[in-house]
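> Below is final_21.csv; it holds CSV, C-alpha atoms.
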chain,number,residue,atom,x,y,z
I,283,MET,CA,29.8,-11.1,-61.3
I,284,GLU,CA,27.2,-11.2,-64.1
I,285,GLN,CA,24.4,-11.8,-61.6
I,286,ARG,CA,25.6,-8.9,-59.6
I,287,GLN,CA,25.5,-6.6,-62.6
I,288,GLU,CA,22.0,-7.8,-63.5
I,289,PHE,CA,20.8,-7.1,-59.9
I,290,LEU,CA,22.4,-3.6,-60.1
I,291,GLY,CA,20.6,-3.0,-63.4
I,292,VAL,CA,17.2,-3.9,-61.8
I,293,VAL,CA,17.9,-1.6,-58.8
I,294,GLU,CA,18.8,1.3,-61.1
I,295,HIS,CA,15.6,0.8,-63.2
I,296,GLN,CA,13.5,0.8,-60.0
I,297,ILE,CA,15.2,4.0,-58.8
I,298,ARG,CA,14.5,5.7,-62.1
I,299,ARG,CA,10.9,4.7,-61.9
I,300,LEU,CA,10.6,6.1,-58.3
I,301,GLN,CA,12.3,9.3,-59.4
I,302,GLU,CA,9.8,9.7,-62.3
I,303,LEU,CA,6.9,9.0,-59.9
I,304,LEU,CA,8.2,11.6,-57.4
I,305,HIS,CA,8.7,14.2,-60.2
I,306,ASP,CA,5.1,13.6,-61.5
I,307,MET,CA,3.6,13.8,-58.0
I,308,MET,CA,5.4,17.1,-57.4
I,309,ASP,CA,4.3,18.5,-60.7
I,310,LEU,CA,0.7,17.5,-60.0
I,311,ARG,CA,0.8,19.1,-56.6
I,312,ASN,CA,2.4,22.3,-57.9
I,313,LEU,CA,-0.1,22.6,-60.7
I,314,GLU,CA,-3.0,22.2,-58.4
I,315,THR,CA,-1.7,24.7,-55.8
I,316,GLY,CA,-0.7,27.2,-58.4
I,317,ALA,CA,3.0,26.9,-57.6
I,318,LEU,CA,3.7,25.8,-61.1
I,319,GLN,CA,2.5,28.5,-63.5
I,320,ALA,CA,2.8,28.3,-67.3
I,321,GLN,CA,5.4,30.6,-68.8
I,322,PRO,CA,3.8,31.2,-72.2
I,323,THR,CA,5.8,32.2,-75.3
I,324,SER,CA,5.3,32.1,-79.0
I,325,PHE,CA,6.9,29.0,-80.6
I,326,CYS,CA,6.7,26.7,-83.6
I,327,VAL,CA,5.0,23.4,-82.8
I,328,LYS,CA,6.6,21.6,-85.8
I,329,SER,CA,10.2,22.4,-84.5
I,330,LEU,CA,9.3,21.3,-81.0
I,331,VAL,CA,7.7,18.0,-82.2
I,332,GLU,CA,10.8,17.3,-84.3
I,333,GLU,CA,13.1,17.9,-81.2
I,334,VAL,CA,11.0,15.6,-79.0
I,335,VAL,CA,10.7,12.8,-81.6
I,336,ALA,CA,14.5,12.9,-82.1
I,337,ASP,CA,14.8,11.7,-78.5
I,338,PHE,CA,12.8,8.6,-79.4
I,339,ALA,CA,15.0,7.7,-82.4
I,340,PRO,CA,15.2,5.2,-84.1
I,341,TYR,CA,11.5,4.5,-83.4
I,342,PRO,CA,9.6,5.0,-86.6
I,343,ALA,CA,7.5,8.1,-86.6
I,344,THR,CA,5.8,9.9,-89.4
I,345,TYR,CA,4.6,13.5,-89.6
I,346,ASP,CA,1.3,15.0,-90.7
I,347,PHE,CA,1.6,18.8,-90.5
I,348,ASN,CA,-0.6,21.3,-92.2
I,349,LEU,CA,1.6,23.3,-94.6
I,350,LYS,CA,1.0,26.7,-93.0
I,351,LEU,CA,1.0,26.1,-89.2
I,352,PRO,CA,0.7,29.3,-87.1
I,353,ASP,CA,2.9,29.6,-84.0
I,354,VAL,CA,1.2,28.7,-80.7
I,355,TRP,CA,1.2,30.6,-77.4
I,356,GLY,CA,2.1,28.3,-74.6
I,357,ASP,CA,4.7,27.0,-72.2
I,358,ARG,CA,7.2,25.2,-74.5
I,359,ARG,CA,8.6,23.0,-71.7
I,360,HIS,CA,5.1,21.9,-70.6
I,361,VAL,CA,4.1,21.2,-74.2
I,362,ALA,CA,7.3,19.1,-74.6
I,363,GLN,CA,6.4,17.2,-71.4
I,364,VAL,CA,2.9,16.4,-72.9
I,365,LEU,CA,4.5,15.3,-76.2
I,366,VAL,CA,7.0,13.1,-74.4
I,367,ASN,CA,4.2,11.4,-72.5
I,368,PHE,CA,2.0,10.9,-75.5
I,369,LEU,CA,4.9,9.5,-77.6
I,370,SER,CA,6.2,7.2,-74.8
I,371,ASN,CA,2.7,5.8,-74.3
I,372,ALA,CA,2.2,5.3,-78.0
I,373,ILE,CA,5.4,3.4,-78.2
I,374,LYS,CA,4.7,1.4,-75.0
I,375,TYR,CA,1.3,0.4,-76.2
I,376,SER,CA,2.4,-0.5,-79.7
I,377,PRO,CA,4.1,-3.8,-79.0
I,378,ASN,CA,4.7,-4.7,-82.7
I,379,GLY,CA,6.7,-1.5,-83.4
I,380,HIS,CA,4.0,0.0,-85.6
I,381,PRO,CA,4.9,3.6,-86.7
I,382,ILE,CA,3.5,6.5,-84.7
I,383,LYS,CA,2.0,9.5,-86.5
I,384,ILE,CA,2.4,13.0,-85.1
I,385,GLY,CA,0.5,15.9,-86.5
I,386,ALA,CA,-0.8,19.4,-86.1
I,387,ALA,CA,-3.5,21.4,-87.8
I,388,PRO,CA,-5.6,24.5,-87.2
I,389,LYS,CA,-8.7,23.3,-85.4
I,390,GLN,CA,-10.9,26.4,-85.3
I,391,SER,CA,-10.2,30.1,-85.4
I,392,GLY,CA,-7.3,30.8,-83.2
I,393,TRP,CA,-6.6,27.2,-82.0
I,394,LEU,CA,-4.1,24.6,-83.1
I,395,GLU,CA,-4.6,20.9,-82.5
I,396,ILE,CA,-1.5,18.7,-81.9
I,397,TRP,CA,-1.9,14.9,-81.9
I,398,VAL,CA,-0.1,11.6,-81.6
I,399,LYS,CA,-1.7,8.5,-83.1
I,400,ASP,CA,-0.7,4.9,-82.7
I,401,TYR,CA,-1.9,1.6,-84.1
I,402,GLY,CA,-1.3,-0.4,-81.0
I,403,LEU,CA,-3.4,-1.9,-78.2
I,404,GLY,CA,-6.1,0.8,-77.9
I,405,ILE,CA,-8.2,1.3,-74.8
I,406,PRO,CA,-11.1,-0.9,-73.8
I,407,GLU,CA,-14.3,1.1,-73.8
I,408,ALA,CA,-15.0,0.4,-70.1
I,409,ASP,CA,-11.7,2.0,-69.1
I,410,GLN,CA,-12.0,5.2,-71.3
I,411,PRO,CA,-14.0,7.3,-68.8
I,412,HIS,CA,-11.3,6.8,-66.1
I,413,LEU,CA,-8.2,7.4,-68.2
I,414,PHE,CA,-7.3,10.8,-66.7
I,415,GLU,CA,-7.8,9.7,-63.1
I,416,ARG,CA,-4.7,9.6,-61.0
I,417,PHE,CA,-3.0,6.2,-60.7
I,418,TYR,CA,-5.6,4.7,-63.0
I,419,ARG,CA,-4.1,1.9,-65.2
I,420,VAL,CA,-6.0,-0.2,-67.7
I,421,LYS,CA,-6.0,-3.8,-66.4
I,422,HIS,CA,-6.3,-6.1,-69.4
I,423,ARG,CA,-4.4,-9.2,-70.4
I,424,ASP,CA,-2.9,-7.5,-73.5
I,425,ARG,CA,-0.9,-5.1,-71.3
I,426,GLN,CA,-0.1,-6.9,-68.1
I,427,ASP,CA,3.7,-6.6,-68.6
I,428,ILE,CA,3.7,-2.9,-69.4
I,429,GLU,CA,4.9,-0.7,-66.7
I,430,GLY,CA,3.6,2.7,-65.6
I,431,THR,CA,2.3,4.7,-62.7
I,432,GLY,CA,-1.0,6.0,-64.0
I,433,LEU,CA,0.0,9.6,-63.5
I,434,GLY,CA,1.2,10.7,-66.9
I,435,LEU,CA,-2.2,11.4,-68.5
I,436,SER,CA,-3.6,13.2,-65.5
I,437,LEU,CA,-0.5,15.4,-65.4
I,438,CYS,CA,-0.8,16.1,-69.1
I,439,LYS,CA,-4.4,17.1,-68.7
I,440,LEU,CA,-3.5,19.7,-66.0
I,441,LEU,CA,-0.5,21.0,-68.1
I,442,VAL,CA,-2.7,21.6,-71.1
I,443,GLU,CA,-5.6,23.1,-69.2
I,444,ASN,CA,-3.2,25.3,-67.3
I,445,GLN,CA,-2.4,26.9,-70.6
I,446,GLY,CA,-6.1,27.3,-71.6
I,447,GLY,CA,-6.1,24.3,-73.9
I,448,HIS,CA,-8.1,21.1,-74.1
I,449,LEU,CA,-6.9,17.5,-74.1
I,450,GLY,CA,-8.8,14.5,-75.4
I,451,PHE,CA,-8.5,11.1,-77.1
I,452,GLU,CA,-10.2,8.7,-79.5
I,453,SER,CA,-9.5,5.0,-79.1
I,454,THR,CA,-10.7,1.6,-80.3
I,455,HIS,CA,-9.5,-1.4,-78.3
I,456,GLY,CA,-7.2,-3.5,-80.5
I,457,GLN,CA,-6.8,-0.8,-83.1
I,458,GLY,CA,-4.9,2.1,-81.5
I,459,SER,CA,-5.4,5.5,-80.0
I,460,ARG,CA,-5.2,9.1,-81.0
I,461,PHE,CA,-4.4,11.6,-78.2
I,462,TYR,CA,-4.6,15.3,-78.9
I,463,PHE,CA,-4.5,18.7,-77.3
I,464,THR,CA,-5.2,22.3,-78.3
I,465,LEU,CA,-3.3,25.5,-77.8
I,466,PRO,CA,-4.2,29.0,-78.8
I,467,THR,CA,-2.3,30.5,-81.7
I,468,THR,CA,0.0,33.4,-81.0
I,469,ASP,CA,-2.0,35.9,-83.0
I,470,VAL,CA,-5.2,35.2,-81.0
I,471,ALA,CA,-3.5,35.0,-77.6
I,472,ASN,CA,-1.8,38.4,-78.1
I,473,ARG,CA,-4.9,40.3,-79.1
Taking this structure as input, can you express it in the form of structure tokens?

Amino acid sequence: MEQRQEFLGVVEHQIRRLQELLHDMMDLRNLETGALQAQPTSFCVKSLVEEVVADFAPYPATYDFNLKLPDVWGDRRHVAQVLVNFLSNAIKYSPNGHPIKIGAAPKQSGWLEIWVKDYGLGIPEADQPHLFERFYRVKHRDRQDIEGTGLGLSLCKLLVENQGGHLGFESTHGQGSRFYFTLPTTDVANR
């Protein structure tokens, strides 16, 4: 009976992975064809970050928010999807359970930068130019047992760019990564 339960658990895990892959593929296609349009609204990034991070409890996360953050103009659901991907990647590639830092600060006039920083595996320099390519996964001995489809970051890039923002990263292999994106603030977007 125990072996049967274990087998069912493996099957359920694989089904969830296929469902996630299918969902990501559909979102990518819909973004590229214009079928998935951003539904921008004004919202507080700090509140959204706290909601998203709560889903990852009890994983240790610290916040670094500028005291006076302006509201942003964007699709709240799409921004949440980007944050979920960034956080799940940060946790996945931080095998020692190092805390994750999440922050936001005004970047330039009318723009807010939101970021997630980990102190995990980091990305080898040779792989960095390919990170946002579909199905691209870093192949290195330090992450051979880590699962993924290679679609998350390409989807995040399209979700952010579809809202007029920019997505990027900084990473040092063996020291961690910082992924960030920008969104227009509400006051600038509504001029």
> Fewer than 2 positions away in the same chain doesn't count, so skip those; otherwise give me all residues within 7 Å of stretch 342-359 of chain I, counting all atoms listed in the file, as a list of chain:residue names.
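So the residues in contact are I:Ala320, I:Gln321, I:Pro322, I:Thr323, I:Ser324, I:Phe325, I:Cys326, I:Val327, I:Pro340, I:Val361, I:Ala362, I:Gln363, I:Pro381, I:Ile382, I:Lys383, I:Ile384, I:Gly385, I:Ala386, I:Ala387, I:Gln445, I:Leu465, I:Pro466, I:Thr467, I:Thr468, I:Ala471.
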> Could you check the closest approach to I:Lys374 for each of I:Leu394, I:Gly458, I:Leu330, I:Leu441 and tell me which residue wins, using all atoms listed in the file?
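Counting all atoms listed in the file, the residue closest to I:Lys374 is I:Gly458.
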> Rounded to one decimal in Å, what is the spacing between atom CA of I:Glu407 and atom CA of I:Asn371?
17.6 Å
> Measuring atom to atom with only C-alpha atoms, identify which of I:Leu413, I:Val334, I:Val442, I:Val420 is nearest to I:Tyr375.
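Once distances to I:Tyr375 are computed over only C-alpha atoms, the minimum belongs to I:Val420.
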> Using only C-alpha atoms, can you tell me which of I:Lys328, I:Gly379, I:Thr464, I:Asp469 comes closest to I:Asn444?
I:Thr464
> Using only C-alpha atoms, can you tell me which of I:Arg460, I:His360, I:Arg416, I:His455 comes closest to I:Ile396?
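Using only C-alpha atoms, the shortest distance to I:Ile396 belongs to I:Arg460.
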> Please determine, counting all atoms listed in the file, which residue among I:Phe463, I:Ser453, I:Glu333, I:Val366 has the shortest atom-to-atom distance to I:Pro406.
I:Ser453
> Using only C-alpha atoms, can you tell me which of I:Glu452, I:Gln319, I:Ala372, I:Gln285 comes closest to I:Val335?
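Ranked by minimum distance to I:Val335, first place goes to I:Ala372.
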> Please indicate the distance in Å from atom CA of I:Gln457 to atom CA of I:Trp393, rounded to one decimal place.
28.0 Å
> So how far away is atom CA of I:Ile373 from atom CA of I:Tyr401, in Å?
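A separation of 9.6 Å between them.
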